[in-house]
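S.K.: Take a look at the following structure, please.
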Amino acid sequence: MSIWTRLYEHTDYRGRSTFASLPGTSPVSTYLQISKSWLSAVNLHDRVSSFELGASAAEQSGRLILFEHENYRGRYAMWSVGPGAVLRRPNLTAQSFNDKTSSALVVRGFTTEMGPIALGDLGTPTLRQQIAATVTATPNLSPRGSAIITWDMWPSFSPSRKYVYIRIPVVVDVPHWFDYDAEIRLWVYLYVDSGHKVRGYLNWYGAWVEGGILTGKILDRLMSEIPAAAGQINAMISEALEMVNIFDFVGLYYLPGTAAPTGRVDDDVSLVLVKAW
Amino acid sequence: MKKSELERLLIEPGGRETVAARSEYLKQKYGMTGATAGEPAERAALFPAAPQSRSQTAREIAMNDEDFVVRTGALVDLARYVEDFRDTQAAPLAKALIGKFREAKPSFGELALLENVINSLVSQGELDKPSQALVDQAIEVLAKADAPRSRGGDQ
């Protein structure tokens, strides 16, 4: 065991509890998933009110992230601990998280990691601005608020992968009929290749359309037209990654939002790159 | 159609007839009625062209995708499947495992076994002092079971 946590039912480490650890045995993992099913099995779903978080001396750092919803979504609160230390929080009042946790992650830190990079505001123009410009330039589509750049961790259709998840709210203009609210969804997969460079591409896509007599028709049309934009988006991703590929990397992982101590998963997603020596 | 356009159609002479005609056209074309409409719909699909994904090696997949440990549902009764411990209660089992792991470095599976035994103790409620001491000892044993890092140069 290298990084461990004990979650308690009541404040001041009272009541029932559950224990979970992220082992230091090789191969070293970055995340320990504490799912809703785990918390439910020990009667701690929406019942966690205090915790301990520890890291052994061989570790660089460890984080505990509590989430409001299952599958690591909704509001979050994050704490970290250094090597050989134990962090204790007798209550979660300051974060408004008493009895709110539906899932949690324990995350390992690495000696050679770079600081978290919030992807939504990365680049000039930013990713959000580029998405807005692309939507505006598409016939019969107009933006409906800012794009949500977040994560989708181990989704059911691809349970071994973690994604940068982009949700683009749009209005579909239907000539001589009512406009429809819709959402374009893109799952971007980033990885480190065997040459130690970060690569990425659009792996999955999807759409949501509000209810109406044309829902199915509009959904079909969006699903048929989104792949045509893949080349442009993949080129955009490659260009953005060129900026970081002046270094060599051995891994990457994500933190929720802007990696602030508290926030919402939908605020953003932060990329942490682990450099080679 | 924007709201202003709809308002204009409803106000102007002949506008309502235009909307009705358009409705009839859509109904004929798509075979839909008010009874079948109303529910939002969503879909997800794999991108048809993702050449980069095909070039990923087994090592790359291991580096990028196999970086998590899953503990879904508490496997508090895992020890029941180990022949030596089948009929052993949690506390004696924890003592036996602590003694064993102090003498020899445990494997990943053995660590998971001790973790589950700890959970079988702590998930029942607040612990008495002897049980709490046992859990503390178990955590201490687990903390010493570190292995050298293999990522990011953590040695």
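Letters for chains follow the order of the structure tokens (A, B, ...), residue numbers begin at 1 for each chain, and ligand numbers begin at 1 in the order shown.
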Can you work out which residues from chain A touch chain B at a cut-off of 6 Å (counting only C-alpha atoms) and hand them back as a ChimeraX atom specification?

M.R.: /A:1-2,15-19,24-25,29-33,35,37-38,41-42,56,110-112,160-161,176-179,191,193,203-213,274,276

S.K.: If we count only C-alpha atoms and set the cut-off at 8 Å, which residues sit around stretch 117-120 of chain A, ignoring sequence neighbours fewer than 5 positions away in its own chain? Please answer as a PyMOL selection string.

M.R.: chain A and resi 126-128+149+257-259+268-272

S.K.: Using DSSP on the backbone coordinates, identify all residues within stretch 90-237 of chain A classified as helix (DSSP H, G or I); present the result as a PyMOL selection string.

M.R.: chain A and resi 127-136+215-237

S.K.: Restricted to C-alpha atoms, what would the selected residues look like written as a compact mmCIF listing (two decimals), in the first residue's frame?

M.R.:
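See out-v1.txt below for the written result:
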# COMPACT_ATOMS: atom_id res chain seq x y z
CA LEU A 127 -10.15 25.85 -27.22
CA ARG A 128 -13.57 27.23 -26.25
CA GLN A 129 -13.20 30.16 -28.66
CA GLN A 130 -12.13 27.85 -31.49
CA ILE A 131 -15.17 25.64 -30.90
CA ALA A 132 -17.51 28.67 -30.89
CA ALA A 133 -16.00 29.92 -34.16
CA THR A 134 -16.37 26.49 -35.78
CA VAL A 135 -20.02 26.18 -34.73
CA THR A 136 -20.82 29.71 -35.92
CA THR A 215 -35.89 14.71 -33.13
CA GLY A 216 -34.90 11.50 -34.89
CA LYS A 217 -34.32 13.23 -38.20
CA ILE A 218 -32.09 15.90 -36.67
CA LEU A 219 -30.17 13.33 -34.62
CA ASP A 220 -29.53 11.25 -37.76
CA ARG A 221 -28.32 14.31 -39.59
CA LEU A 222 -25.97 15.45 -36.82
CA MET A 223 -24.53 11.95 -36.47
CA SER A 224 -23.89 11.78 -40.21
CA GLU A 225 -22.29 15.24 -40.41
CA ILE A 226 -20.05 15.25 -37.31
CA PRO A 227 -17.48 12.76 -38.73
CA ALA A 228 -16.78 15.17 -41.61
CA ALA A 229 -15.32 17.60 -39.06
CA ALA A 230 -13.00 14.99 -37.51
CA GLY A 231 -10.03 15.86 -39.71
CA GLN A 232 -10.17 19.53 -38.75
CA ILE A 233 -10.55 18.77 -35.03
CA ASN A 234 -7.74 16.18 -35.06
CA ALA A 235 -5.47 18.74 -36.73
CA MET A 236 -6.40 21.25 -34.01
CA ILE A 237 -5.52 18.69 -31.30

S.K.: Might you pull out every residue within 7 Å of A:Phe249, with only C-alpha atoms counted and same-chain residues fewer than 4 positions away left off, and present them as a list of chain:residue names?

M.R.: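 Residues meeting the cut-off are A:Val192, A:His196, A:Lys197, A:Leu273, A:Val274, A:Lys275, A:Ala276.
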
S.K.: May I have the residues from that selection written out with N, CA and C atoms, as a JSON list (two decimals), in the first residue's frame?

M.R.:
[["chain", "number", "residue", "atom", "x", "y", "z"],
["A", 192, "VAL", "N", 0.24, 8.83, -24.35],
["A", 192, "VAL", "CA", 1.68, 8.98, -24.59],
["A", 192, "VAL", "C", 2.12, 7.79, -25.44],
["A", 196, "HIS", "N", 7.44, 8.54, -26.46],
["A", 196, "HIS", "CA", 7.35, 9.47, -25.32],
["A", 196, "HIS", "C", 6.74, 10.83, -25.68],
["A", 197, "LYS", "N", 5.92, 10.86, -26.72],
["A", 197, "LYS", "CA", 5.24, 12.10, -27.09],
["A", 197, "LYS", "C", 3.73, 11.95, -26.83],
["A", 273, "LEU", "N", 0.95, 16.11, -17.12],
["A", 273, "LEU", "CA", 1.90, 15.33, -17.92],
["A", 273, "LEU", "C", 3.07, 14.91, -17.04],
["A", 274, "VAL", "N", 3.44, 13.64, -17.14],
["A", 274, "VAL", "CA", 4.55, 13.12, -16.35],
["A", 274, "VAL", "C", 5.77, 13.00, -17.26],
["A", 275, "LYS", "N", 6.78, 13.80, -16.97],
["A", 275, "LYS", "CA", 7.97, 13.84, -17.83],
["A", 275, "LYS", "C", 8.87, 12.64, -17.59],
["A", 276, "ALA", "N", 9.60, 12.26, -18.64],
["A", 276, "ALA", "CA", 10.68, 11.30, -18.47],
["A", 276, "ALA", "C", 11.81, 12.06, -17.78]]

S.K.: If you count only C-alpha atoms, which residues fall within 6 Å of stretch 97-108 of chain A, apart from same-chain ones fewer than 6 positions away, as a list in words?

M.R.: Thr30, Tyr31, Leu32, Gln33, Ile34, Ser35, Lys36, His45, Asp46, Arg47, Val48, Ser49, Gly62, Arg63, Leu64, Ile65, Leu66, Phe67, Glu68, His69, Glu70 and Tyr72 of chain A

S.K.: I need the chosen residues saved as a compact mmCIF listing (two decimals), in the first residue's frame, with N, CA and C atoms.

M.R.:
# COMPACT_ATOMS: atom_id res chain seq x y z
N THR A 30 -2.24 4.97 -11.35
CA THR A 30 -2.45 6.37 -10.99
C THR A 30 -3.71 6.55 -10.16
N TYR A 31 -4.77 5.82 -10.53
CA TYR A 31 -6.07 6.05 -9.88
C TYR A 31 -6.55 4.83 -9.10
N LEU A 32 -7.20 5.09 -7.99
CA LEU A 32 -8.00 4.08 -7.31
C LEU A 32 -9.44 4.55 -7.38
N GLN A 33 -10.29 3.74 -7.99
CA GLN A 33 -11.70 4.12 -8.12
C GLN A 33 -12.48 3.64 -6.89
N ILE A 34 -13.18 4.56 -6.26
CA ILE A 34 -14.12 4.19 -5.19
C ILE A 34 -15.50 4.53 -5.75
N SER A 35 -16.15 3.51 -6.27
CA SER A 35 -17.38 3.72 -7.02
C SER A 35 -18.59 3.86 -6.08
N LYS A 36 -19.69 4.24 -6.68
CA LYS A 36 -20.94 4.32 -5.91
C LYS A 36 -21.31 2.94 -5.38
N HIS A 45 -22.83 5.56 0.95
CA HIS A 45 -23.24 6.44 -0.14
C HIS A 45 -24.01 7.63 0.42
N ASP A 46 -23.56 8.84 0.10
CA ASP A 46 -24.15 10.08 0.63
C ASP A 46 -24.09 10.14 2.16
N ARG A 47 -23.05 9.47 2.73
CA ARG A 47 -22.96 9.47 4.20
C ARG A 47 -21.56 9.79 4.72
N VAL A 48 -20.62 10.09 3.86
CA VAL A 48 -19.25 10.34 4.32
C VAL A 48 -19.16 11.75 4.93
N SER A 49 -18.61 11.84 6.16
CA SER A 49 -18.52 13.16 6.82
C SER A 49 -17.15 13.47 7.39
N GLY A 62 -0.22 12.26 -2.76
CA GLY A 62 -1.46 11.55 -3.01
C GLY A 62 -2.63 12.50 -2.86
N ARG A 63 -3.67 12.27 -3.67
CA ARG A 63 -4.85 13.13 -3.58
C ARG A 63 -6.08 12.27 -3.30
N LEU A 64 -7.01 12.85 -2.58
CA LEU A 64 -8.34 12.26 -2.44
C LEU A 64 -9.32 13.26 -3.04
N ILE A 65 -10.16 12.79 -3.96
CA ILE A 65 -11.17 13.66 -4.58
C ILE A 65 -12.54 13.04 -4.33
N LEU A 66 -13.41 13.79 -3.67
CA LEU A 66 -14.78 13.34 -3.44
C LEU A 66 -15.69 13.99 -4.48
N PHE A 67 -16.65 13.22 -5.00
CA PHE A 67 -17.56 13.72 -6.03
C PHE A 67 -19.01 13.63 -5.57
N GLU A 68 -19.77 14.60 -6.01
CA GLU A 68 -21.18 14.68 -5.64
C GLU A 68 -22.00 13.58 -6.30
N HIS A 69 -21.65 13.22 -7.53
CA HIS A 69 -22.43 12.22 -8.28
C HIS A 69 -21.58 10.98 -8.56
N GLU A 70 -22.24 9.93 -9.01
CA GLU A 70 -21.50 8.73 -9.38
C GLU A 70 -20.70 8.99 -10.66
N TYR A 72 -17.79 9.97 -10.97
CA TYR A 72 -16.82 11.07 -10.83
C TYR A 72 -17.31 12.33 -11.54
